[in-house]
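**Student:** Just one file: upload-v9.cif, with mmCIF, C-alpha atoms.
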data_model
#
loop_
_atom_site.label_atom_id
_atom_site.label_comp_id
_atom_site.auth_asym_id
_atom_site.auth_seq_id
_atom_site.Cartn_x
_atom_site.Cartn_y
_atom_site.Cartn_z
CA MET A 5 1.27 3.27 -59.52
CA LYS A 6 4.51 3.75 -61.46
CA LYS A 7 2.71 5.92 -64.02
CA VAL A 8 1.07 7.94 -61.26
CA ILE A 9 4.40 8.67 -59.62
CA SER A 10 5.97 9.53 -62.98
CA LEU A 11 3.09 11.93 -63.61
CA LEU A 12 3.63 13.58 -60.23
CA LEU A 13 7.30 14.02 -61.10
CA VAL A 14 6.30 15.70 -64.36
CA VAL A 15 4.13 18.09 -62.38
CA LEU A 16 7.02 18.69 -59.99
CA LEU A 17 9.29 19.58 -62.89
CA VAL A 18 6.75 21.79 -64.64
CA ALA A 19 5.80 23.50 -61.38
CA SER A 20 9.47 24.31 -60.87
CA CYS A 21 9.21 26.69 -63.82
CA PHE A 22 7.18 29.02 -61.63
CA ILE A 23 9.63 29.34 -58.75
CA GLY A 24 13.16 30.41 -58.03
CA CYS A 25 13.61 28.46 -54.81
CA ALA A 26 11.24 26.92 -52.27
CA LYS A 27 13.21 25.19 -49.56
CA ASN A 28 11.57 22.94 -46.98
CA VAL A 29 8.09 23.44 -48.39
CA THR A 30 5.68 20.53 -48.12
CA ILE A 31 2.73 20.32 -50.48
CA GLU A 32 0.11 17.83 -49.37
CA CYS A 33 -1.97 16.11 -52.03
CA THR A 34 -5.32 15.00 -50.69
CA CYS A 35 -6.79 11.76 -51.98
CA ASP A 36 -8.95 8.88 -50.89
CA CYS A 37 -6.65 6.63 -48.90
CA ASN A 38 -9.12 4.27 -47.27
CA ALA A 39 -6.77 1.41 -46.54
CA GLN A 40 -3.96 2.14 -44.12
CA ALA A 41 -1.46 -0.09 -42.40
CA ASP A 42 -3.37 0.23 -39.14
CA GLY A 43 -6.69 -0.98 -40.49
CA GLY A 44 -9.40 0.64 -42.58
CA ASP A 45 -10.99 -1.18 -45.49
CA ALA A 46 -8.03 -3.55 -45.65
CA THR A 47 -9.53 -5.45 -42.69
CA LYS A 48 -12.64 -6.38 -44.72
CA TYR A 49 -12.63 -9.50 -46.86
CA THR A 50 -15.07 -12.10 -48.12
CA GLN A 51 -15.09 -15.82 -47.47
CA LEU A 52 -13.01 -17.71 -49.99
CA LYS A 53 -14.53 -20.44 -52.15
CA ALA A 54 -11.66 -22.85 -52.74
CA ASN A 55 -12.06 -25.48 -55.43
CA GLY A 56 -9.42 -27.85 -54.14
CA LYS A 57 -6.18 -27.32 -52.22
CA SER A 58 -2.93 -25.59 -53.06
CA GLY A 59 -0.69 -28.39 -51.83
CA VAL A 60 0.92 -26.20 -49.15
CA ASP A 61 1.04 -27.89 -45.74
CA CYS A 62 -1.00 -25.74 -43.31
CA SER A 63 -1.68 -28.47 -40.76
CA THR A 64 0.22 -26.58 -38.05
CA MET A 65 0.47 -22.84 -37.58
CA PRO A 66 4.18 -21.90 -37.58
CA SER A 67 5.65 -19.81 -34.79
CA ASP A 68 9.21 -18.77 -35.69
CA LYS A 69 10.23 -16.08 -38.18
CA ALA A 70 11.73 -18.36 -40.81
CA ALA A 71 8.77 -20.76 -40.81
CA ILE A 72 6.23 -17.92 -41.02
CA LEU A 73 8.06 -16.42 -43.99
CA LYS A 74 8.19 -19.82 -45.69
CA LEU A 75 4.43 -20.17 -45.21
CA TYR A 76 3.86 -16.71 -46.70
CA ASN A 77 6.08 -17.47 -49.70
CA ASP A 78 4.63 -20.93 -50.31
CA VAL A 79 0.98 -19.89 -50.01
CA GLY A 80 1.53 -16.74 -52.05
CA ASN A 81 3.34 -18.56 -54.84
CA ALA A 82 0.73 -21.33 -54.90
CA THR A 83 -2.02 -18.72 -55.07
CA LYS A 84 -0.41 -16.99 -58.02
CA ALA A 85 0.10 -20.35 -59.73
CA ALA A 86 -3.66 -21.08 -59.66
CA GLN A 87 -4.73 -20.28 -63.22
CA ASN A 88 -8.44 -20.06 -62.39
CA GLN A 89 -9.39 -17.48 -59.78
CA LYS A 90 -11.56 -14.49 -58.97
CA VAL A 91 -9.68 -11.60 -57.40
CA SER A 92 -10.13 -7.86 -57.05
CA LYS A 93 -7.23 -5.42 -57.01
CA THR A 94 -7.82 -2.12 -55.22
CA ASP A 95 -5.52 0.88 -55.29
CA PRO A 96 -7.14 3.47 -52.99
CA GLY A 97 -4.79 6.13 -54.31
CA ALA A 98 -1.38 7.02 -52.96
CA LYS A 99 -0.97 9.81 -50.46
CA THR A 100 1.83 12.00 -51.74
CA SER A 101 3.72 15.12 -50.73
CA ILE A 102 6.54 17.13 -52.25
CA SER A 103 9.24 18.76 -50.13
CA ASP A 104 12.67 20.39 -50.39
CA LEU A 105 11.82 21.80 -53.81
CA SER A 106 14.57 24.14 -55.02
CA THR A 107 15.86 25.66 -58.24
CA GLY A 108 18.11 28.52 -57.21
CA GLY A 109 18.26 31.57 -55.00
CA LYS A 110 14.77 33.08 -54.75
CA PRO A 111 11.97 31.93 -52.45
CA ALA A 112 8.56 31.37 -53.98
CA SER A 113 5.77 33.80 -53.22
CA ASP A 114 2.59 32.64 -51.53
CA GLY A 115 0.76 33.00 -54.82
CA THR A 116 3.30 30.88 -56.67
CA MET A 117 3.21 28.17 -54.01
CA ASN A 118 -0.59 28.10 -54.20
CA THR A 119 -0.27 27.60 -57.95
CA VAL A 120 2.17 24.74 -57.45
CA LYS A 121 -0.06 23.17 -54.81
CA GLY A 122 -3.02 23.37 -57.16
CA LEU A 123 -1.09 21.76 -59.99
CA VAL A 124 0.06 18.85 -57.84
CA SER A 125 -3.37 18.35 -56.24
CA ASN A 126 -4.99 18.14 -59.67
CA PHE A 127 -2.84 15.14 -60.45
CA ALA A 128 -3.30 13.34 -57.13
CA PRO A 129 -4.14 9.70 -57.88
CA GLU A 130 -7.71 8.49 -57.46
CA GLY A 131 -8.83 5.15 -56.11
CA VAL A 132 -9.26 2.34 -58.62
CA THR A 133 -10.68 -1.18 -58.21
CA ALA A 134 -10.65 -3.87 -60.89
CA ASP A 135 -12.42 -7.25 -60.57
CA TYR A 136 -10.77 -10.10 -62.41
CA THR A 137 -11.98 -13.58 -63.32
CA PHE A 138 -8.97 -15.44 -64.62
CA VAL A 139 -9.59 -18.54 -66.70
CA ASN A 140 -6.41 -20.30 -67.74
CA GLY A 141 -4.50 -17.24 -66.59
CA GLU A 142 -6.39 -14.63 -68.61
CA ASP A 143 -9.42 -12.38 -68.21
CA ALA A 144 -10.84 -11.42 -71.61
CA ASN A 145 -13.34 -9.01 -70.04
CA VAL A 146 -10.76 -6.74 -68.38
CA LYS A 147 -8.29 -5.24 -70.83
CA ASP A 148 -4.74 -4.22 -70.03
CA GLU A 149 -3.13 -0.92 -71.01
CA ASP A 150 -2.61 -2.17 -74.56
CA GLY A 151 -6.21 -3.32 -74.96
CA ASN A 152 -5.36 -7.02 -74.64
CA PRO A 153 -6.86 -9.52 -72.17
CA SER A 154 -5.40 -9.08 -68.70
CA LYS A 155 -2.89 -11.71 -67.67
CA LEU A 156 -2.72 -13.08 -64.14
CA ILE A 157 1.08 -13.05 -64.20
CA LYS A 158 1.03 -9.26 -64.62
CA VAL A 159 -1.86 -8.41 -62.28
CA ILE A 160 -0.71 -10.39 -59.25
CA PRO A 161 2.63 -9.31 -57.73
CA VAL A 162 5.44 -9.56 -58.57
CA GLY A 163 4.34 -8.38 -62.03
CA GLY A 164 5.83 -10.39 -64.88
CA GLN A 165 7.26 -13.06 -62.56
CA GLU A 166 5.99 -16.57 -61.84
CA TYR A 167 6.30 -16.01 -58.08
CA MET A 168 4.43 -13.76 -55.66
CA SER A 169 7.33 -13.54 -53.24
CA SER A 170 10.96 -14.61 -53.19
CA LEU A 171 11.81 -12.94 -49.87
CA THR A 172 14.48 -14.57 -47.72
CA ASP A 173 15.00 -14.41 -43.98
CA ALA A 174 17.78 -11.86 -44.51
CA ASP A 175 15.35 -9.55 -46.36
CA ILE A 176 12.93 -9.10 -43.48
CA SER A 177 13.04 -7.69 -39.97
CA ASP A 178 9.95 -9.42 -38.61
CA ALA A 179 7.29 -12.01 -39.38
CA THR A 180 4.23 -12.59 -37.20
CA ILE A 181 1.14 -14.76 -37.41
CA GLU A 182 -2.18 -14.90 -35.58
CA GLU A 183 -5.38 -16.89 -35.90
CA LEU A 184 -8.51 -14.88 -36.66
CA GLU A 185 -11.98 -15.60 -35.32
CA ASP A 186 -13.09 -17.27 -38.55
CA GLY A 187 -10.15 -19.65 -38.53
CA TYR A 188 -8.10 -17.81 -41.10
CA TRP A 189 -4.47 -16.94 -40.36
CA LYS A 190 -3.14 -13.39 -40.60
CA VAL A 191 0.54 -13.12 -41.52
CA THR A 192 2.47 -9.85 -41.37
CA ILE A 193 5.87 -9.60 -43.05
CA THR A 194 7.98 -6.49 -42.39
CA VAL A 195 10.68 -5.98 -45.00
CA ASN A 196 13.96 -4.27 -44.15
CA PRO A 197 14.24 -0.53 -44.86
CA THR A 198 16.36 0.05 -47.94
CA GLN A 199 18.07 3.01 -49.61
CA ILE A 200 19.13 2.86 -53.24
CA GLU A 201 20.70 5.26 -55.71
CA PHE A 202 19.69 5.51 -59.36
CA LYS A 203 22.49 6.78 -61.59
CA ASP A 204 22.09 4.59 -64.66
CA PRO A 205 18.68 4.16 -66.38
CA ASN A 206 19.73 0.68 -67.49
CA ASN A 207 20.75 -0.55 -64.05
CA ASN A 208 18.42 -1.37 -61.15
CA PRO A 209 20.17 -1.92 -57.81
CA PRO A 210 18.71 -5.01 -56.10
CA THR A 211 16.28 -4.45 -53.22
CA PRO A 212 14.20 -6.82 -51.07
CA GLN A 213 11.16 -4.70 -52.02
CA ALA A 214 11.42 -5.94 -55.61
CA LYS A 215 11.03 -9.51 -54.34
CA PHE A 216 7.44 -9.06 -53.19
CA THR A 217 5.87 -6.03 -54.86
CA GLY A 218 6.13 -3.66 -57.79
CA VAL A 219 8.81 -0.99 -57.39
CA MET A 220 10.10 1.98 -59.32
CA ALA A 221 12.77 1.03 -61.84
CA SER A 222 15.71 3.22 -62.73
CA GLY A 223 14.39 3.64 -66.26
CA ASP A 224 11.03 4.87 -64.89
CA LEU A 225 12.76 7.88 -63.37
CA LEU A 226 15.98 8.66 -65.23
CA LYS A 227 14.49 9.91 -68.48
CA SER A 228 13.05 12.96 -70.16
CA PHE A 229 9.58 14.25 -69.31
CA GLY A 230 8.88 16.67 -72.13
CA PRO A 231 11.37 19.55 -71.80
CA ALA A 232 12.62 18.29 -68.44
CA LYS A 233 14.93 15.43 -67.58
CA ILE A 234 15.61 13.63 -64.29
CA THR A 235 19.31 12.88 -64.02
CA HIS A 236 19.70 11.36 -60.56
CA ALA A 237 17.47 9.83 -57.88
CA ASN A 238 17.69 8.32 -54.43
CA ILE A 239 14.89 6.14 -53.06
CA ASN A 240 14.47 5.49 -49.36
CA TYR A 241 12.03 2.65 -48.63
CA LYS A 242 11.08 3.47 -45.04
CA GLU A 243 8.15 1.08 -44.52
CA SER A 244 7.44 -2.04 -46.58
CA VAL A 245 4.87 -4.41 -45.10
CA ALA A 246 2.95 -7.33 -46.57
CA THR A 247 -0.14 -8.46 -44.68
CA ALA A 248 -1.79 -11.68 -45.85
CA VAL A 249 -4.95 -13.44 -44.73
CA ILE A 250 -4.55 -17.16 -45.40
CA ASP A 251 -7.11 -19.95 -45.52
CA PRO A 252 -5.30 -22.89 -43.86
CA ALA A 253 -7.99 -25.33 -45.02
CA SER A 254 -7.08 -24.80 -48.69
CA GLY A 255 -3.62 -23.27 -48.48
CA TYR A 256 -4.61 -20.23 -50.54
CA MET A 257 -4.65 -16.51 -49.84
CA VAL A 258 -7.86 -14.68 -49.05
CA GLN A 259 -6.43 -11.17 -48.92
CA LEU A 260 -3.08 -9.47 -49.48
CA VAL A 261 -2.20 -5.88 -48.60
CA HIS A 262 1.05 -4.22 -49.61
CA HIS A 263 1.82 -1.10 -47.55
CA MET A 264 4.64 1.15 -48.76
CA ASP A 265 6.09 4.41 -47.47
CA TYR A 266 9.08 5.79 -49.34
CA ASP A 267 10.85 9.00 -50.33
CA MET A 268 12.23 9.73 -53.79
CA ALA A 269 14.80 12.52 -53.91
CA VAL A 270 15.29 13.54 -57.54
CA GLU A 271 17.57 15.93 -59.39
CA GLY A 272 16.93 17.16 -62.87
CA LYS A 273 17.29 19.83 -65.50
CA MET A 274 14.76 22.04 -67.24
CA GLY A 275 17.01 24.79 -68.51
CA PHE A 276 18.17 25.03 -64.89
CA GLU A 277 19.10 22.71 -62.06
CA LEU A 278 16.28 21.54 -59.79
CA GLN A 279 15.86 19.22 -56.83
CA GLY A 280 12.86 17.87 -54.98
CA THR A 281 11.65 15.02 -52.80
CA VAL A 282 8.42 13.11 -53.35
CA ASN A 283 7.04 11.06 -50.45
CA VAL A 284 4.63 8.27 -51.32
CA LYS A 285 2.37 6.25 -49.01
CA SER A 286 0.24 3.56 -50.60
CA ASP A 287 -1.71 0.40 -49.82
CA ILE A 288 -2.51 -1.98 -52.68
CA ILE A 289 -5.17 -4.55 -51.74
CA TYR A 290 -5.95 -7.92 -53.32
CA ASN A 291 -9.10 -9.85 -52.31
CA TRP A 292 -9.81 -13.37 -53.52
CA THR A 293 -13.36 -14.76 -53.60
CA GLU A 294 -12.79 -17.98 -55.56
CA ILE A 295 -9.72 -19.95 -56.52
CA GLY A 296 -8.71 -23.28 -57.94
#
Now, as a test, write the supplied structure out as structure tokens.
**Tutor:**
Amino acid sequence: MKKVISLLLVVLLVASCFIGCAKNVTIECTCDCNAQADGGDATKYTQLKANGKSGVDCSTMPSDKAAILKLYNDVGNATKAAQNQKVSKTDPGAKTSISDLSTGGKPASDGTMNTVKGLVSNFAPEGVTADYTFVNGEDANVKDEDGNPSKLIKVIPVGGQEYMSSLTDADISDATIEELEDGYWKVTITVNPTQIEFKDPNNNPPTPQAKFTGVMASGDLLKSFGPAKITHANINYKESVATAVIDPASGYMVQLVHHMDYDMAVEGKMGFELQGTVNVKSDIIYNWTEIG
């Protein structure tokens, strides 16, 4: 997803070459966004085959916010710690739009805006699903970006960390739980909205979002993209929700959905000053079929 967003920013910068100023223009990129926060494919999951138990106590369904969050953290971290598992990761493709694009004093013509819209639409992300079978933490049949065996620690959030979630009670606004018809538990964690400013490519301001999912880093944005360079960015995480289906019999996750809705306001240079805002809505889905 980070590379997709970076690519969209490149298109934004290149497209700015065609226009003098286009204020308050929204360009919708159409893509296949099957899984939304209100349902869709994210509600479908398979029965989990658990080979043993995680060690997390699921004898009683918790009811208060702190206890529900602890259950989510404990089950998620135990699930990521299981070195042998079958899991699919689905990225249906982010829904993106660009607004408030400006470079100076002249409005873009209809023809120019159609050109910009076409450029952005051509780079709209497509849905991708990868099926992993991790044995001792690696899947030799699914290669990573460098052509090496995929590693569980990188595929399952938070990428590169031993944990799936390190959220605290102060990081979230709500935590709910319900029992589903098949006996599984559905946990929904709503993370606090957050606004951050990127001024230094070597410094990432801390956010609760980084504690449970992959996020844009300062160095992903504040850099050169060919002849253009982004010099400043503000990110507004408006909606950050984790929805987990848990098997209380084993203490493992069956499904995890990360829903994100955020704005990135960027400023840059390409022989001239330019500004623009990219809105991103995405749902990354993880489905486990066997674990332990």
**Student:** How many Å separate CA of Thr94 (chain A) from CA of Pro161 (chain A)?
**Tutor:**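 Computed distance, CA of Thr94 (chain A) to CA of Pro161 (chain A), equals 12.9 Å.
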**Student:** I'd like the residues picked by the PyMOL selection byres ((chain A and resi 68) around 10) written out as a PyMOL selection string, using the chain letters and numbers from the file.
**Tutor:** chain A and resi 65-67+69-73+178-181
**Student:** Using the selection just defined, write its residues with C-alpha atoms as a PDB file, keeping the file's coordinate frame.
**Tutor:**
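Once everything was written out, this is out-v8.pdb:
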ATOM      1  CA  MET A  65       0.470 -22.840 -37.580  1.00  0.00           C
ATOM      2  CA  PRO A  66       4.180 -21.900 -37.580  1.00  0.00           C
ATOM      3  CA  SER A  67       5.650 -19.810 -34.790  1.00  0.00           C
ATOM      4  CA  LYS A  69      10.230 -16.080 -38.180  1.00  0.00           C
ATOM      5  CA  ALA A  70      11.730 -18.360 -40.810  1.00  0.00           C
ATOM      6  CA  ALA A  71       8.770 -20.760 -40.810  1.00  0.00           C
ATOM      7  CA  ILE A  72       6.230 -17.920 -41.020  1.00  0.00           C
ATOM      8  CA  LEU A  73       8.060 -16.420 -43.990  1.00  0.00           C
ATOM      9  CA  ASP A 178       9.950  -9.420 -38.610  1.00  0.00           C
ATOM     10  CA  ALA A 179       7.290 -12.010 -39.380  1.00  0.00           C
ATOM     11  CA  THR A 180       4.230 -12.590 -37.200  1.00  0.00           C
ATOM     12  CA  ILE A 181       1.140 -14.760 -37.410  1.00  0.00           C
TER      13      ILE A 181
END
**Student:** Contacts of region 290-296 of chain A at 8 Å or less, counting all atoms listed in the file, minus same-chain residues fewer than 3 places along, as JSON, numbers by chain?
**Tutor:** {"A": [49, 50, 51, 52, 53, 54, 55, 56, 57, 58, 83, 86, 87, 88, 89, 90, 91, 92, 93, 94, 256, 257, 258, 259, 260, 261]}
**Student:** Which one of A:Pro197, A:Pro209, A:Gly218, A:Gly272 sits closest to Lys242 (chain A) if you count all atoms listed in the file?
**Tutor:**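 Of the candidates, the smallest distance to Lys242 (chain A) is held by A:Pro197.
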**Student:** On this structure, which residues satisfy the PyMOL selection byres ((chain A and resi 167-174) around 9), written as number ranges by chain?
**Tutor:** A: 69-70, 73-74, 76-78, 80-85, 157, 160-166, 175-178, 195-196, 212-217
**Student:** Residues near Asp95 (chain A), anyone? I mean within 7 Å using all atoms listed in the file, not counting same-chain ones fewer than 4 positions away, as a compact mmCIF listing (two decimals) with C-alpha atoms, keeping the file's coordinate frame.
**Tutor:**
# COMPACT_ATOMS: atom_id res chain seq x y z
CA GLY A 131 -8.83 5.15 -56.11
CA VAL A 132 -9.26 2.34 -58.62
CA THR A 133 -10.68 -1.18 -58.21
CA ASP A 287 -1.71 0.40 -49.82
CA ILE A 288 -2.51 -1.98 -52.68
CA ILE A 289 -5.17 -4.55 -51.74
**Student:** Quick one: everything within 12 Å of Glu183 (chain A), counting only C-alpha atoms, minus sequence neighbours fewer than 6 positions away in the same chain. Send it as a list in words.
**Tutor:** Thr64, Met65, Pro66, Ser67, Trp189, Lys190, Val191, Thr192, Ala248, Val249, Ile250, Asp251 and Pro252 of chain A
**Student:** Find, counting only C-alpha atoms, the residue in A:Val245, A:Ala232, A:Leu226, A:Met220 that gets nearest to Thr194 (chain A).
**Tutor:**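 Checking each candidate against Thr194 (chain A), we get A:Val245 as the closest.
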**Student:** What is the CA of Asn240 (chain A)-CA of Lys273 (chain A) distance in Å, reported with one decimal?
**Tutor:** 21.8 Å
